[in-house]
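Contents: one structure, followed by commentary.
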Amino acid sequence: MHPIQFLKLAVVVTVAVCTASLAVAEERPRAREAGLVVGVLPTGPLNAITDVEGVRVGHSTRIEGDDIRTGVTAIIPGPGNLYTHPVPAWLYVGNGYGKLVGATQIQEFGELETPVLLTCTLCVWSAANALKEWVYEQPGMGEHTVNPVVGETNDGAVNNMWADVIGHDEVYEALNTASSGPVAEGSVGAGVGTQAFAWKGGIGTSSRLLPQSLGGYTVGVLVQTNFGGVLTMNGAPVGRELGQYSYRAQLEKKGVDDRQEDGSIMMVVATDAPLTARALDRVAKRAMMGLARTGSFASNGSGDYVIAFSTNPDVRRPREGMEPFVAPSLTNEAMSPLFAATVEATEEAIYNAIFKATTVESSRGKREAIPLDDLMRVLKKHGVLNWDREMSPGN
């Protein structure tokens, strides 16, 4: 076969596989659609990080041949030039076993000056280089240094990440198609090859809309899951009942170390509340509490990172200038509702990643989607579904 004909065939196969995978994902419900209602706070209209005004999300999915199963996800934290007018941000490290390009400058300046990319472990440097090039092409950029921010989780169980296939085309596709609408979840973008609690995981998102009496602000979370533990959903011991959890082999004395506890998670938290970098540090820490509710214990081999930022236009100070910058900032007492919203949205985002994820297989291995019938049986058994209807007035 002529090389060009082979290339065309590979593209057709890749598109067909991607389309089929997304079609299956559409058939799987999100957690809330299945009756798994998390917490007490209401969600935004999309129940996604894009409910926070100004935030856009895009994906590029790469499925090729028998061992490429990966992608990249882009989170654009606000409109306009992020270099000349960065957004306040902070990074919290729950457990630092990972590669996060651009980390130190976030913690030095308390700002984001580029979009955030999520991808595979050994793709971060190529992705960062492509992000750098994309930033320089934006209106208003000159010859400045720039701090691209790229996080990762390890999809090597099904993806040949040593092939380093995430570059210019994939990064530009994710950034240039990023939108403020619904966010694709599960085995898509940076979540194509990742897992959660040894089942298939991936990208998940959720949001909370605080009532005016609690500030009226929105909090949105997007996660890239790839971690382990003992899966718990709304308190139901799913992992234990379905027989898949960390250290099972040792506890049952099979003598096989399955390492189901290891992995990583990237958590991105956005809010429109007017917050300083210090306040965003406090918000970011609460995402770890949402992670813990799902059954993670942040193992030694897990990279657990949280990037939190504010999109509020009144707190975006110019990069240059000698005059003092005066911006609104919430009092410490006003932070508690945001903490609650962050915990709830993080927990639900992880559940959405698990619910929406589809099975991914390659020559390297297989990540099985959690069986929905078995999962629903456990959730019903423990009475954790539809609590909002069960406990509503008049019932």
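Going through the structure tokens in order, the chains are called A, B, and so on, while each chain numbers its residues from 1 and the ligands are numbered from 1 in the order shown.
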
Please report, as JSON lines, each residue of range 216-278 of chain A lying at most 10 Å from range 51-64 of chain A, together with the nearest pair of atoms and the separation in Å rounded to one decimal; use only C-alpha atoms, and order rows by chain and ascending residue number.
{"residue": "A:Tyr217", "atom": "CA", "partner": "A:Val52", "partner_atom": "CA", "distance": 8.7}
{"residue": "A:Thr218", "atom": "CA", "partner": "A:Val52", "partner_atom": "CA", "distance": 5.8}
{"residue": "A:Val219", "atom": "CA", "partner": "A:Val52", "partner_atom": "CA", "distance": 6.5}
{"residue": "A:Gly220", "atom": "CA", "partner": "A:Val52", "partner_atom": "CA", "distance": 6.2}
{"residue": "A:Val221", "atom": "CA", "partner": "A:Val52", "partner_atom": "CA", "distance": 9.5}
{"residue": "A:Leu222", "atom": "CA", "partner": "A:Val57", "partner_atom": "CA", "distance": 9.4}
{"residue": "A:Val269", "atom": "CA", "partner": "A:Val52", "partner_atom": "CA", "distance": 9.9}
{"residue": "A:Ala270", "atom": "CA", "partner": "A:Val52", "partner_atom": "CA", "distance": 6.7}
{"residue": "A:Thr271", "atom": "CA", "partner": "A:Val52", "partner_atom": "CA", "distance": 6.0}
{"residue": "A:Asp272", "atom": "CA", "partner": "A:Val52", "partner_atom": "CA", "distance": 6.1}
{"residue": "A:Ala273", "atom": "CA", "partner": "A:Val52", "partner_atom": "CA", "distance": 9.6}

Which neighbours of Leu82 in chain A fall inside 6 Å, counting only C-alpha atoms, when residues of the same chain fewer than 4 positions from it are skipped, and could you give them as a PDB file with N, CA, C and O atoms, in the first residue's frame?
ATOM      1  N   PRO A  86      -2.963  38.711  33.684  1.00  0.00           N
ATOM      2  CA  PRO A  86      -3.117  37.350  34.212  1.00  0.00           C
ATOM      3  C   PRO A  86      -4.265  37.252  35.214  1.00  0.00           C
ATOM      4  O   PRO A  86      -4.751  38.261  35.720  1.00  0.00           O
ATOM      5  N   GLU A 113      -0.731  32.974  33.567  1.00  0.00           N
ATOM      6  CA  GLU A 113      -0.574  33.823  32.394  1.00  0.00           C
ATOM      7  C   GLU A 113      -0.770  33.062  31.087  1.00  0.00           C
ATOM      8  O   GLU A 113      -0.590  33.616  30.003  1.00  0.00           O
ATOM      9  N   THR A 114      -1.139  31.776  31.190  1.00  0.00           N
ATOM     10  CA  THR A 114      -1.463  30.962  30.017  1.00  0.00           C
ATOM     11  C   THR A 114      -2.632  30.056  30.360  1.00  0.00           C
ATOM     12  O   THR A 114      -2.968  29.879  31.532  1.00  0.00           O
TER      13      THR A 114
END

- Within range 84-236 of chain A, find each residue whose DSSP state, derived from the backbone, is strand (DSSP E), and express the selection as a ChimeraX atom specification. /A:87-96,111-112,116-120,149-153,195-196,199-200,203-209,218-226

Can you write just those residues out, C-alpha atoms, as a PDB file, in the first residue's frame?
ATOM      1  CA  VAL A  87      -5.735  35.794  36.489  1.00  0.00           C
ATOM      2  CA  PRO A  88      -5.113  35.243  40.220  1.00  0.00           C
ATOM      3  CA  ALA A  89      -4.259  31.599  40.865  1.00  0.00           C
ATOM      4  CA  TRP A  90      -2.650  29.165  43.235  1.00  0.00           C
ATOM      5  CA  LEU A  91      -1.274  25.647  43.159  1.00  0.00           C
ATOM      6  CA  TYR A  92      -1.734  23.199  46.012  1.00  0.00           C
ATOM      7  CA  VAL A  93       0.221  19.944  46.052  1.00  0.00           C
ATOM      8  CA  GLY A  94      -1.477  17.123  47.930  1.00  0.00           C
ATOM      9  CA  ASN A  95       1.213  14.613  46.964  1.00  0.00           C
ATOM     10  CA  GLY A  96       3.969  15.668  44.599  1.00  0.00           C
ATOM     11  CA  GLU A 111      -1.063  34.196  38.793  1.00  0.00           C
ATOM     12  CA  LEU A 112      -1.809  32.250  35.613  1.00  0.00           C
ATOM     13  CA  VAL A 116      -3.779  25.112  31.578  1.00  0.00           C
ATOM     14  CA  LEU A 117      -3.132  21.924  29.621  1.00  0.00           C
ATOM     15  CA  LEU A 118      -3.598  18.373  30.880  1.00  0.00           C
ATOM     16  CA  THR A 119      -2.025  15.436  29.038  1.00  0.00           C
ATOM     17  CA  CYS A 120       0.043  12.248  29.456  1.00  0.00           C
ATOM     18  CA  VAL A 149       1.308  25.430  32.623  1.00  0.00           C
ATOM     19  CA  VAL A 150       0.939  21.725  31.792  1.00  0.00           C
ATOM     20  CA  GLY A 151      -0.100  18.933  34.155  1.00  0.00           C
ATOM     21  CA  GLU A 152      -0.288  15.199  33.589  1.00  0.00           C
ATOM     22  CA  THR A 153      -1.270  11.748  34.680  1.00  0.00           C
ATOM     23  CA  GLN A 195      -8.214   5.171  35.258  1.00  0.00           C
ATOM     24  CA  ALA A 196      -9.904   5.641  38.600  1.00  0.00           C
ATOM     25  CA  TRP A 199     -11.686   1.048  36.530  1.00  0.00           C
ATOM     26  CA  LYS A 200     -11.649   3.335  33.532  1.00  0.00           C
ATOM     27  CA  ILE A 203     -12.151  13.665  32.437  1.00  0.00           C
ATOM     28  CA  GLY A 204     -14.969  14.724  34.744  1.00  0.00           C
ATOM     29  CA  THR A 205     -16.455  18.057  35.681  1.00  0.00           C
ATOM     30  CA  SER A 206     -19.074  19.591  37.968  1.00  0.00           C
ATOM     31  CA  SER A 207     -20.120  22.958  39.365  1.00  0.00           C
ATOM     32  CA  ARG A 208     -21.948  24.611  42.245  1.00  0.00           C
ATOM     33  CA  LEU A 209     -23.967  27.828  42.153  1.00  0.00           C
ATOM     34  CA  THR A 218     -20.089  29.908  40.986  1.00  0.00           C
ATOM     35  CA  VAL A 219     -17.432  27.254  41.546  1.00  0.00           C
ATOM     36  CA  GLY A 220     -16.497  24.775  38.820  1.00  0.00           C
ATOM     37  CA  VAL A 221     -14.104  21.836  38.905  1.00  0.00           C
ATOM     38  CA  LEU A 222     -12.544  19.720  36.167  1.00  0.00           C
ATOM     39  CA  VAL A 223     -10.521  16.584  36.956  1.00  0.00           C
ATOM     40  CA  GLN A 224      -8.225  14.216  35.105  1.00  0.00           C
ATOM     41  CA  THR A 225      -8.405  11.039  37.171  1.00  0.00           C
ATOM     42  CA  ASN A 226      -5.765   8.333  37.369  1.00  0.00           C
TER      43      ASN A 226
END

- Within 12 Å of range 246-256 of chain A, counting only C-alpha atoms, which residues qualify if same-chain residues fewer than 5 places away don't, as number ranges by chain? A: 196-199, 227-231, 239-241, 261-263, 295-299

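CA of Ile76 in chain A sits 7.6 Å away from CA of Leu175 in chain A.
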
- Task: Could you tell me how far CA of Glu33 in chain A lies from CA of Thr50 in chain A, in Å and to one decimal?
- Result: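 CA of Thr50 in chain A lies 18.5 Å from CA of Glu33 in chain A.
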
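Minimum atom-to-atom distance to Ala287 in chain A, evaluated using only C-alpha atoms, belongs to A:Ile350 out of A:Val315, A:Leu385, A:Val183, A:Ile350.
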
- Point out the residue among A:Met161, A:Pro237, A:Gly201, A:Trp387 with the least atom-to-atom distance to Arg69 in chain A, counting only C-alpha atoms. A:Met161

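Atom pair CA of Gln105 in chain A / CA of Ala308 in chain A has a distance of 14.0 Å (rounded to one decimal).
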
- Task: Could you give me the residues within range 167-207 of chain A that DSSP places in helix (DSSP H, G or I), as a list of chain:residue names?
- Result: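 Of range 167-207 of chain A, only A:His168, A:Asp169, A:Glu170, A:Val171, A:Tyr172, A:Glu173, A:Ala174, A:Leu175, A:Asn176, A:Gly189, A:Ala190, A:Gly191 fall in helix (DSSP H, G or I).
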
- Task: Determine the nearest neighbour of Tyr351 in chain A from the options A:Lys285, A:His144, A:Arg293, A:Lys132, counting only C-alpha atoms.
- Result: A:Arg293
